[in-house]
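Notes follow the structure.
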Amino acid sequence: MTRFALAACVAWSITAPALAAAPTQLLPVDDAALASVVLLGAGPTAPVVLVDPQDQSAAERAVAASSDGSACLAGTATAPAVRDLLARLSGAPCALQDDLLGLARRFWPTPATVVVAPAHDYAWLLRGAALAGALGGALLPVDPAHPPSPAALADWHVKEWIAVGAPPPTLALPLGATLRRLDKPGQVIGESVARLGTDLSTVVVANPADRRGHFSPTSLSLLAPLIALSHHAPLVLVSDSAPAVIETEVRRAIAVNRLEPTHIYLVGDELALRSHRVPDPVFAAGGPEALGGGRDVRVELFSEIQEQRPQDYAVGRFVAEDATQGSALLARQLHGAPTPGGIAVMSNADQVFALGETISRTTISELRNAGLPVTAAFRGDITPATIQDAMHHAAILVWEGHARDLTLEEGGGVNVDRTPPLVVLQGCYTFDRSDPFILFERGTQNVVATSAAIYSASGSSFARAFFDAVVYDRADLGTAVRNARNYLLAVAQLKRQRGHNDWTKTYRAALAFALWGDPTSRPPLSAAPPKLAPASWRVGEDALELTVPAKRLKTATVDRYTAHPVPRGMLSGLILRAGDAPEREVKELFYAAVAAPAGMTAACAPAAGWDVITQYAAATRTLFVLARPPGDKPGAGSAAGTYAFPLVADDSDCPRAAPSRPATEEDEGTDAPP
Amino acid sequence: MVGSPRRRTRLVLSVGAALGALAVALPRADAAPRDHAAPASQWNVTVALRVTPKDGVPVRIRLALPPSDAMQRLGEVTVTARGLHSEVVQDGDEPHVLLSGTIEKPLRVAVSYAVARERSHDAMPLVVPLDAPPAALMPFLTPSPLFQSRSILVRDFLETNVSPLLDAPGPHDLVRGIQQVTHDKLVWAKDGKSLTLDVIRSGRAKRIGIERAFTTFLRCARVPARLVEGLDMQSTTRRKRAFWTEVWSQNQWWPISASGGWSGRLPRGWIALARDGQRAVRTDKTATVTYSVQVTPRQDPL
């Protein structure tokens, strides 16, 4: 048994591809009205897979993963070939379903509310579906030219009817029934929020135009109402794919409805909901063009990091190549059965990133200190066989180093059948490759990756900060990615403040990382109490207290680099040297993301010699604090003890001494990008 | 394992539309002063290799020879490789010379062969995406490390640049649309990129990079496509390398080039050596090889 096979025996539990619960419902992707009703009616309790004849493999995989069989639905207008395909996949002829009223009544026999939406106005159909989900009511798509008769509705006992559209469909209701009409998108969101409550934590965003296009338009917006329902969230449909429009419209919806969300879940790929494109800060500062030819960085929506501000909301993006793959992915997220697995870390396969590997080794020690099962492979130990093994047995795969095809054969084709539910691809441009889509296709539910070239120290520091949030703060994935990006932003600002010209390398990494996946999902870690006590932060009324423990993690040494942080000590490309010796030690830092006490937006240094960067995220009232302790000689480490960081209303209230950069401190400098 | 092709396009093409109905601003092979009426040409080719071994590693070098097919014929092959074992494989789709052995210092090797080129095909027919490709074509539709056809950059490029052409009124030719956009948007540069995703990001590419990107775009659009590395007998460069793409239509492969802006008729004096991303000279990292190609017209029939 290999090292990665051993990982399967340990006690991590994460949602994996196998689908349980109820028969998988198959239906044609092109019938948006039918799909909307079935997704909303059956989706919360059973897998629903939208079948596209041009992507049969995804549907076949979903059916194969279903432990309770499958059934199919089709309309009489469904093309015979598609109907045959559905029947073949499910193993039985499809139930023909042209009567959406009958179908709605089957799913919701006694609904409190029925939302009536125009069947052929896609955006309004989505709004109607989201509203029905929020209200816990039924969705009834109708053809405005041929609405159901009062007689057909007579014995459906409904308290409230709401028609949405511009204009809403006209419906002749049974005597005594009343119909409210909502003809503005804002009204629909407002109605949803009124039911969900303003203390909701997530806003779901989609672009209904994602069904248009020639090259496999994804149509993921079709899934957005179910995603909103499953997240107890309102759905905001945006009118354009441009980032400025998206952010403006979503922020407006948040403000108008007085929401205070912490998470934003984008449903759509880069074509539907475009990221910000900002000039590569390294290149813009006169540095070299990134090896992969990129001169700009795609920065995830709602990041704010491109404005040198901390990311406020936790953001994730539901991405798939098409609605078939997307519906299969969503079914796994909602109904997947948990299976065990460990963490597999594969670092520095190309043997060129010693500094990054040093940091990576400390992350592994940190995870083990928390009692988590980790298998690790470095350098020459990373082979196609070990990669395959990790893919098949790990619950989390962490790849650190040169981007590499983890999923493709040289001659074409995919070489993995099963992939880990969470994959972290810490390398250059890892979102750009085919890998993320193949990972999603084969079972992965969340991918953390990059849209730019990443220097290894910054990339490995991100991974360390990410797992710090996941393990010690029990953060969900969106929050962990946010905190880790903000950590890099703080490090970049610290470096800049201390006169290091290479701060832009760290800044580029802060810009480039993002999450494709559910920002609210949380790996169910069964971490044990740490063997060695970690550094800890305590929030007081007027100060943050940092306690630095005495005992340190195992020393990591790779080539000339050494690191031996305390548990929860943070690392970066800042390194120390002693005299002219070639050896370098990675300087230990401390970082916290805490709820800010009322009125406090910054933390000051606890004593002379400390360098502190604080960031305040106003919407979520989160305070991010990066502290560089004194100590400029390798081997000394931070002194154990408790330190009080006074909290203030404004950063300018902190007594400020110009940071004195010792001659022994260096930046990652020539560390080449993966 | 061979995966299934990805659904990529919902194009409804005017299959019966005349070629070139799209307003393609590319030079076309049938419009250029090419060799469609030329008689078969033949040459003697000598590839001179300088092999530098890596410490203690047995050398293994594979030199592609022109495969015989409807367009070209491979004649006699001779190898001068004192100190290395040589094996000549002339049959099959991938004829080659395999050089192997252990050497301690740099060595010169010469491989000579005769090759003949027939007249080019007729004009390329309209090429349409395949909804249900046969298994044999799957390797030319699925992504691979060189052809990242499932990349978001690839689909973004197509949707952003090709879709507007396809949205225009009138009949459409998907392949020519992709060819035109690739030609227009990816600028040839001597110091440009050669890997597909790097090419898309930078917009500047060597010819091999443009053709790799073109092949990738076609695969994304469900058109079976493969890259070809060959020789341009008329080239004055040291290695005389030429790159183009082949697309599958009506049960045969058709040559087309986004970097050269031609289709259907392989330029005069071009012969194919290696396909689908394989290189003409492969070392498997066992040695460093530099080479040059010398060509002389041949009078005697093969």
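Following the order of the structure tokens, chains are lettered A, B, ..., residues in each are numbered from 1, and ligands are numbered from 1.
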Test item: chain A residues at most 6 Å from chain B, counting only C-alpha atoms, as a ChimeraX atom specification: /A:54-55,214-216,292-294,408,410,412-414,432-434
When DSSP works through the backbone of this structure, what residues of range 136-217 of chain B end up as alpha helix (DSSP H), shown as a ChimeraX atom specification? /B:152-157,163-167,174-185,196-202,207-217
Can you pull out the residues contacting Gln252 in chain B? Cut-off 12 Å, using only C-alpha atoms, and skip same-chain residues under 5 positions away; I want them as a list in words. Asp69, Ala70, Met71, His121, Met124, Pro125, Val127, Leu137, Pro224, Ala225, Glu246, Val247 and Gly264 of chain B
Which neighbours of Ala258 in chain B fall inside 10 Å, counting only C-alpha atoms, when residues of the same chain fewer than 4 positions from it are skipped, and could you give them as a PyMOL selection string? chain B and resi 26+176+178-184+186+207+210-215+243-245+262-263
Taking 5 positions as the minimum chain separation for residues in the same chain, which residues sit within 10 Å of Arg258 in chain A when counting only C-alpha atoms? Answer as a ChimeraX atom specification. /A:190,193,198-199,252-253
Fewer than 3 positions away in the same chain doesn't count, so skip those; otherwise give me all residues within 8 Å of Ser70 in chain A, counting only C-alpha atoms, as a PyMOL selection string. chain A and resi 23-26+63+66+90-91
Now that the selection is made, can you save its residues with N, CA and C atoms as an mmCIF file, in the first residue's frame?
data_model
loop_
_atom_site.group_PDB
_atom_site.id
_atom_site.type_symbol
_atom_site.label_atom_id
_atom_site.label_comp_id
_atom_site.auth_asym_id
_atom_site.auth_seq_id
_atom_site.Cartn_x
_atom_site.Cartn_y
_atom_site.Cartn_z
ATOM 1 N N PRO A 23 -33.684 8.715 -5.972
ATOM 2 C CA PRO A 23 -33.310 8.528 -7.385
ATOM 3 C C PRO A 23 -32.899 9.845 -8.028
ATOM 4 N N THR A 24 -31.906 9.766 -8.879
ATOM 5 C CA THR A 24 -31.461 10.950 -9.601
ATOM 6 C C THR A 24 -32.475 11.277 -10.702
ATOM 7 N N GLN A 25 -32.899 12.508 -10.721
ATOM 8 C CA GLN A 25 -33.896 12.930 -11.704
ATOM 9 C C GLN A 25 -33.180 13.495 -12.925
ATOM 10 N N LEU A 26 -33.439 12.932 -14.080
ATOM 11 C CA LEU A 26 -32.813 13.394 -15.315
ATOM 12 C C LEU A 26 -33.847 14.128 -16.159
ATOM 13 N N VAL A 63 -25.373 9.308 -13.085
ATOM 14 C CA VAL A 63 -26.236 8.138 -12.933
ATOM 15 C C VAL A 63 -25.461 7.000 -12.276
ATOM 16 N N SER A 66 -25.190 7.362 -8.591
ATOM 17 C CA SER A 66 -26.420 7.335 -7.814
ATOM 18 C C SER A 66 -26.653 5.934 -7.251
ATOM 19 N N SER A 90 -31.472 6.502 -17.880
ATOM 20 C CA SER A 90 -32.198 6.143 -16.661
ATOM 21 C C SER A 90 -32.642 4.684 -16.658
ATOM 22 N N GLY A 91 -32.562 4.043 -17.828
ATOM 23 C CA GLY A 91 -32.927 2.638 -17.899
ATOM 24 C C GLY A 91 -34.413 2.395 -18.014
#
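Shortest atom-to-atom contact with Arg265 in chain B among B:Asp122, B:Asp173, B:Asp300, B:Asp232: B:Asp122, counting only C-alpha atoms.
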List the neighbours of Ala492 in chain A out to 9 Å using only C-alpha atoms; skip same-chain residues closer than 6 positions along the sequence, and give me the result as a count of residues only. 7
I need the strand (DSSP E) residues of range 342-391 of chain A per DSSP on the backbone, written as a ChimeraX atom specification. /A:342-347,374-378
Please produce a file of those selected residues containing C-alpha atoms, as a PDB file, in the first residue's frame.
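Written out: part-v5.pdb:
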ATOM      1  CA  GLY A 342      -6.761  12.527   4.346  1.00  0.00           C
ATOM      2  CA  ILE A 343      -4.760  15.533   3.242  1.00  0.00           C
ATOM      3  CA  ALA A 344      -2.164  14.953   0.547  1.00  0.00           C
ATOM      4  CA  VAL A 345       0.464  17.645   0.080  1.00  0.00           C
ATOM      5  CA  MET A 346       2.694  17.559  -2.980  1.00  0.00           C
ATOM      6  CA  SER A 347       5.338  20.232  -2.970  1.00  0.00           C
ATOM      7  CA  VAL A 374      -1.283  14.258   6.213  1.00  0.00           C
ATOM      8  CA  THR A 375       0.707  12.455   3.580  1.00  0.00           C
ATOM      9  CA  ALA A 376       3.423  14.501   1.992  1.00  0.00           C
ATOM     10  CA  ALA A 377       5.555  14.104  -1.087  1.00  0.00           C
ATOM     11  CA  PHE A 378       8.375  16.357  -2.174  1.00  0.00           C
TER      12      PHE A 378
END
What separation in Å, quoted to one decimal, exists between CA of Leu367 in chain A and CA of Thr444 in chain A?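 CA of Leu367 in chain A sits 21.3 Å away from CA of Thr444 in chain A.
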To one decimal in Å, tell me the separation between CA of Ala395 in chain A and CA of Phe466 in chain A. 16.1 Å
Can you measure CA of Lys285 in chain B to CA of Ile382 in chain A for me? One decimal in Å is fine.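 Taking CA of Lys285 in chain B as the start and CA of Ile382 in chain A as the end point, the length is 18.1 Å.
Comparing the minimum interatomic distances between Val471 in chain A and each of A:Arg61, A:Arg522, A:Arg105, A:His157, counting only C-alpha atoms, we find that A:Arg522 sits nearest.
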